[in-house]
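*Asks:* Mind looking over this structure? Questions follow.
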Amino acid sequence: MGNSCVNIEFSKGLFYIWDKSFLFAMNYQNTLAFAQQQDKEDALSHVRNQFHIPKDKNGNEWHYFTGNSLGLQPKSTKKYIDQELEDWANLGVEGHFEAKNPWLHYHELLTDKMAKIVGAKPIEVVVMNTLTANLHLLMVSFYRPTKTKYKIVIESDAFPSDRYAVESQLKFHGFDPEEGIIEWKPNQGESLLNIDDLESIIKFEGDEIALLLIGGVNYYTGQFLDLKRIAAIGHSKECVVGIDLAHGAGNIQPNLHDSGVDFAAWCTYKYLNSGPGSLAGLFVHEKHAHNKNLPRFAGWWNHNKETRFNMRMPVDVMQGAEGWQLSNPPILSMAAIRASLDLFDEVGMDALREKSEKLTGYFEYLISQIDSDAIKIITPNNPKERGCQISIQVKNADKSLHQKLTENNMITDWREPDVIRCAPTPMYNSFEDVYQMVKTLSSILCEGKEV
Ligand SMILES: *Cc1c(COP(=O)(O)O)cnc(C)c1O
């Protein structure tokens, strides 16, 4: 590796980004001064100061590119959690009704803002449990296999937890996962999924398929799929369509309601910056909101709020997504989610998305300036088909490359066999972060030669 590196200090260049509707040129430059100027002009640059940015032992800030794994902590989170600790200390059980934000209804404080982030109606969204648990609960209701229509389509490189969940659902219903799982694969020699291939799968095997469970943004390549088209393709053969939005929520704008997908779930500790293992989101499309006949598991929290505490009534399931709740939820975790959602609401997904496209565009441009055939971006280059993740494949690389990046304060994610995933998030990453990252990567690839 590395012998084809050239000096990348840094040419000026027009960089063309292909967009479906138009072609526009960003006048990106490969200099620190340019990156810093972009940060100055960035209307969201102040938002970075609202986050704790981890530092190395010499006090230098990390260049943090793993917001797709665990988002950084907003400085406001502590205040939100402290409020609940204080109310618990002072009020005990009375806090359910008397806390500043009564715990009984606390989850409702999250609903509107979460719904806005994923493009849903409030009745379609609830925050509860964790992601994989929610996927199972949703499959209890929406994966209703018959002897002949029981198969499940997933992406060939689906996140392992999703694959395990689907396998276990098949087994639970008495099917063999080997036969029951249909993989939607990229074509030979390619990294990205082609939606026409999904269309063929459904066309030829749709009568045997009960469910599509697809990552809306693929965790490995960062590919953002066309949810509306996936929904239409699935529904054309009466397959239920579910979306895992773990890598989408707070990143892209999935417009869940308009997409027409039946259900979705996502975690809040990635782009939604709500803390390790924090609660998850759940979406059930409005068309199912009033269907009380859907089979589902029950607990006291899917029971009608008005009569919940009478305790002796037969279960009276709530309408909408709230009707999938089981338990009274952990308020401390919800407080962290609330802090983050308030920040998202203040900044707005439109502004975040706009910055996101510029940041990843800059990242892509800088990578293109490294004249090495060892390195390739596997994320789509159309900004409409990706979020704020750039996955870089490095020929013959091993984990030592990732180690060297980390030693240089570049916090990235390594995926075997040869992919570095980097997420410049518009909330707290800067153009300078991106510049430093690519410069460091380039100098490592060139084996220490000055660049
Ligand atoms: C992060 C992630 C998960 C993790 O699931 P948890 O239940 O939150 O542990 C599952 N699926 C996908 C696609 C993910 O990106």
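As shown in the structure tokens, the chain order sets the letters A, B, ...; within each chain, residues go from 1, and ligands are also counted from 1 in the order they appear.
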Within 10 Å of ligand 1 (counting only C-alpha atoms and all ligand atoms), which residues show up? I'd like them as a PyMOL selection string.
*Replies:* chain A and resi 68-70+129-136+157-165+214-220+243-248+265-270+276-280
*Asks:* Just C-alpha atoms for this one: save the residues we selected as an mmCIF file, in the first residue's frame.
*Replies:*
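Just written: selection_7.cif:
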```cif
data_model
loop_
_atom_site.group_PDB
_atom_site.id
_atom_site.type_symbol
_atom_site.label_atom_id
_atom_site.label_comp_id
_atom_site.auth_asym_id
_atom_site.auth_seq_id
_atom_site.Cartn_x
_atom_site.Cartn_y
_atom_site.Cartn_z
ATOM 1 C CA ASN A 68 -23.210 6.560 13.960
ATOM 2 C CA SER A 69 -22.229 4.267 16.814
ATOM 3 C CA LEU A 70 -22.570 6.407 19.931
ATOM 4 C CA ASN A 129 -37.821 -0.342 24.937
ATOM 5 C CA THR A 130 -34.757 -0.887 22.815
ATOM 6 C CA LEU A 131 -34.397 -1.406 19.094
ATOM 7 C CA THR A 132 -34.179 -5.177 18.782
ATOM 8 C CA ALA A 133 -36.907 -5.625 21.392
ATOM 9 C CA ASN A 134 -39.142 -3.302 19.365
ATOM 10 C CA LEU A 135 -38.428 -5.196 16.156
ATOM 11 C CA HIS A 136 -39.580 -8.378 17.858
ATOM 12 C CA ASP A 157 -25.180 -7.425 4.892
ATOM 13 C CA ALA A 158 -27.945 -6.616 7.366
ATOM 14 C CA PHE A 159 -26.824 -5.633 10.843
ATOM 15 C CA PRO A 160 -26.244 -8.879 12.771
ATOM 16 C CA SER A 161 -28.880 -8.149 15.412
ATOM 17 C CA ASP A 162 -31.552 -7.779 12.728
ATOM 18 C CA ARG A 163 -30.528 -11.042 11.099
ATOM 19 C CA TYR A 164 -30.598 -12.881 14.428
ATOM 20 C CA ALA A 165 -33.987 -11.376 15.208
ATOM 21 C CA ILE A 214 -34.712 -3.561 5.492
ATOM 22 C CA GLY A 215 -32.200 -1.125 6.945
ATOM 23 C CA GLY A 216 -33.319 2.282 5.642
ATOM 24 C CA VAL A 217 -29.698 3.414 5.751
ATOM 25 C CA ASN A 218 -27.345 0.466 5.499
ATOM 26 C CA TYR A 219 -25.003 0.423 8.480
ATOM 27 C CA TYR A 220 -22.028 -0.771 6.450
ATOM 28 C CA ILE A 243 -37.700 -0.579 8.192
ATOM 29 C CA ASP A 244 -34.806 -0.484 10.642
ATOM 30 C CA LEU A 245 -33.874 3.162 10.938
ATOM 31 C CA ALA A 246 -31.002 2.810 13.419
ATOM 32 C CA HIS A 247 -28.706 4.590 10.970
ATOM 33 C CA GLY A 248 -31.378 6.859 9.591
ATOM 34 C CA ALA A 265 -37.887 1.054 14.695
ATOM 35 C CA TRP A 266 -34.659 2.852 15.573
ATOM 36 C CA CYS A 267 -32.331 3.414 18.476
ATOM 37 C CA THR A 268 -31.585 6.836 19.954
ATOM 38 C CA TYR A 269 -27.954 6.423 21.003
ATOM 39 C CA LYS A 270 -26.486 6.838 17.497
ATOM 40 C CA PRO A 276 -25.481 4.449 25.647
ATOM 41 C CA GLY A 277 -28.259 1.875 25.437
ATOM 42 C CA SER A 278 -30.939 4.543 25.533
ATOM 43 C CA LEU A 279 -34.518 3.797 24.548
ATOM 44 C CA ALA A 280 -35.696 3.264 21.010
#
```
*Asks:* Out of range 326-417 of chain A, which residues get strand (DSSP E) from DSSP, as a ChimeraX atom specification?
*Replies:* /A:375-377,390-394,410-411,413-415
*Asks:* Distance CA of Pro424 in chain A-CA of Phe363 in chain A, one decimal place?
*Replies:*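 Answer for the CA of Pro424 in chain A to CA of Phe363 in chain A separation: 8.5 Å.
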*Asks:* Within 7 Å of Thr379 in chain A, counting only C-alpha atoms, which residues qualify if same-chain residues fewer than 2 places away don't, as a list in words?
*Replies:*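 Those residues are Thr221, Gly222, Gln223, Ile377, Asn381, Arg386, Ile390 and Ser391 of chain A.
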*Asks:* Can you tell me which residues surround range 81-98 of chain A at a distance of at most 6 Å, considering only C-alpha atoms, apart from same-chain residues fewer than 4 positions away, and format the answer as a list in words?
*Replies:*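 With the cut-off at 6 Å, the set is Pro102, Trp103, Leu104, Leu332 and Ala335 of chain A.
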*Asks:* Take the residues from that selection and write them out as a PDB file, in the first residue's frame, keeping all heavy atoms.
*Replies:*
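Resulting contents of again-v4.pdb:
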```pdb
ATOM      1  N   PRO A 102     -44.546  15.362  34.894  1.00  0.00           N
ATOM      2  CA  PRO A 102     -45.061  14.137  35.532  1.00  0.00           C
ATOM      3  C   PRO A 102     -44.673  12.869  34.753  1.00  0.00           C
ATOM      4  O   PRO A 102     -44.845  12.800  33.529  1.00  0.00           O
ATOM      5  CB  PRO A 102     -46.575  14.361  35.530  1.00  0.00           C
ATOM      6  CG  PRO A 102     -46.726  15.853  35.514  1.00  0.00           C
ATOM      7  CD  PRO A 102     -45.586  16.369  34.684  1.00  0.00           C
ATOM      8  N   TRP A 103     -44.136  11.903  35.483  1.00  0.00           N
ATOM      9  CA  TRP A 103     -43.575  10.708  34.834  1.00  0.00           C
ATOM     10  C   TRP A 103     -44.610   9.891  34.094  1.00  0.00           C
ATOM     11  O   TRP A 103     -44.307   9.249  33.092  1.00  0.00           O
ATOM     12  CB  TRP A 103     -42.871   9.839  35.891  1.00  0.00           C
ATOM     13  CG  TRP A 103     -41.788  10.591  36.607  1.00  0.00           C
ATOM     14  CD1 TRP A 103     -41.026  11.603  36.096  1.00  0.00           C
ATOM     15  CD2 TRP A 103     -41.367  10.415  37.953  1.00  0.00           C
ATOM     16  NE1 TRP A 103     -40.153  12.067  37.048  1.00  0.00           N
ATOM     17  CE2 TRP A 103     -40.334  11.346  38.207  1.00  0.00           C
ATOM     18  CE3 TRP A 103     -41.762   9.555  38.985  1.00  0.00           C
ATOM     19  CZ2 TRP A 103     -39.696  11.451  39.427  1.00  0.00           C
ATOM     20  CZ3 TRP A 103     -41.128   9.640  40.210  1.00  0.00           C
ATOM     21  CH2 TRP A 103     -40.094  10.592  40.428  1.00  0.00           C
ATOM     22  N   LEU A 104     -45.829   9.949  34.604  1.00  0.00           N
ATOM     23  CA  LEU A 104     -46.888   9.170  33.975  1.00  0.00           C
ATOM     24  C   LEU A 104     -47.027   9.526  32.488  1.00  0.00           C
ATOM     25  O   LEU A 104     -47.304   8.672  31.651  1.00  0.00           O
ATOM     26  CB  LEU A 104     -48.215   9.467  34.707  1.00  0.00           C
ATOM     27  CG  LEU A 104     -49.357   8.530  34.409  1.00  0.00           C
ATOM     28  CD1 LEU A 104     -48.963   7.085  34.723  1.00  0.00           C
ATOM     29  CD2 LEU A 104     -50.575   8.931  35.230  1.00  0.00           C
ATOM     30  N   LEU A 332     -35.155   8.315  33.488  1.00  0.00           N
ATOM     31  CA  LEU A 332     -33.830   8.934  33.387  1.00  0.00           C
ATOM     32  C   LEU A 332     -33.319   8.872  31.947  1.00  0.00           C
ATOM     33  O   LEU A 332     -32.714   9.812  31.446  1.00  0.00           O
ATOM     34  CB  LEU A 332     -32.850   8.258  34.341  1.00  0.00           C
ATOM     35  CG  LEU A 332     -33.238   8.351  35.827  1.00  0.00           C
ATOM     36  CD1 LEU A 332     -32.173   7.684  36.698  1.00  0.00           C
ATOM     37  CD2 LEU A 332     -33.470   9.788  36.265  1.00  0.00           C
ATOM     38  N   ALA A 335     -35.207  11.315  29.854  1.00  0.00           N
ATOM     39  CA  ALA A 335     -34.761  12.699  30.076  1.00  0.00           C
ATOM     40  C   ALA A 335     -33.614  13.024  29.120  1.00  0.00           C
ATOM     41  O   ALA A 335     -33.556  14.113  28.537  1.00  0.00           O
ATOM     42  CB  ALA A 335     -34.340  12.888  31.522  1.00  0.00           C
TER      43      ALA A 335
END
```
*Asks:* At a cut-off of 12 Å, using only C-alpha atoms, what residues contact Leu44 in chain A? Leave out same-chain residues fewer than 6 positions from it and give the result as JSON, numbers by chain.
*Replies:* {"A": [38, 50, 343, 344, 346, 347, 348, 349, 350, 351, 352, 353, 354, 355, 356, 359, 425, 426, 427, 428, 429, 430, 431]}
*Asks:* What gap, in Å, lies between CA of Lys404 in chain A and CA of Ile420 in chain A?
*Replies:*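 Between CA of Lys404 in chain A and CA of Ile420 in chain A the gap is 12.2 Å.
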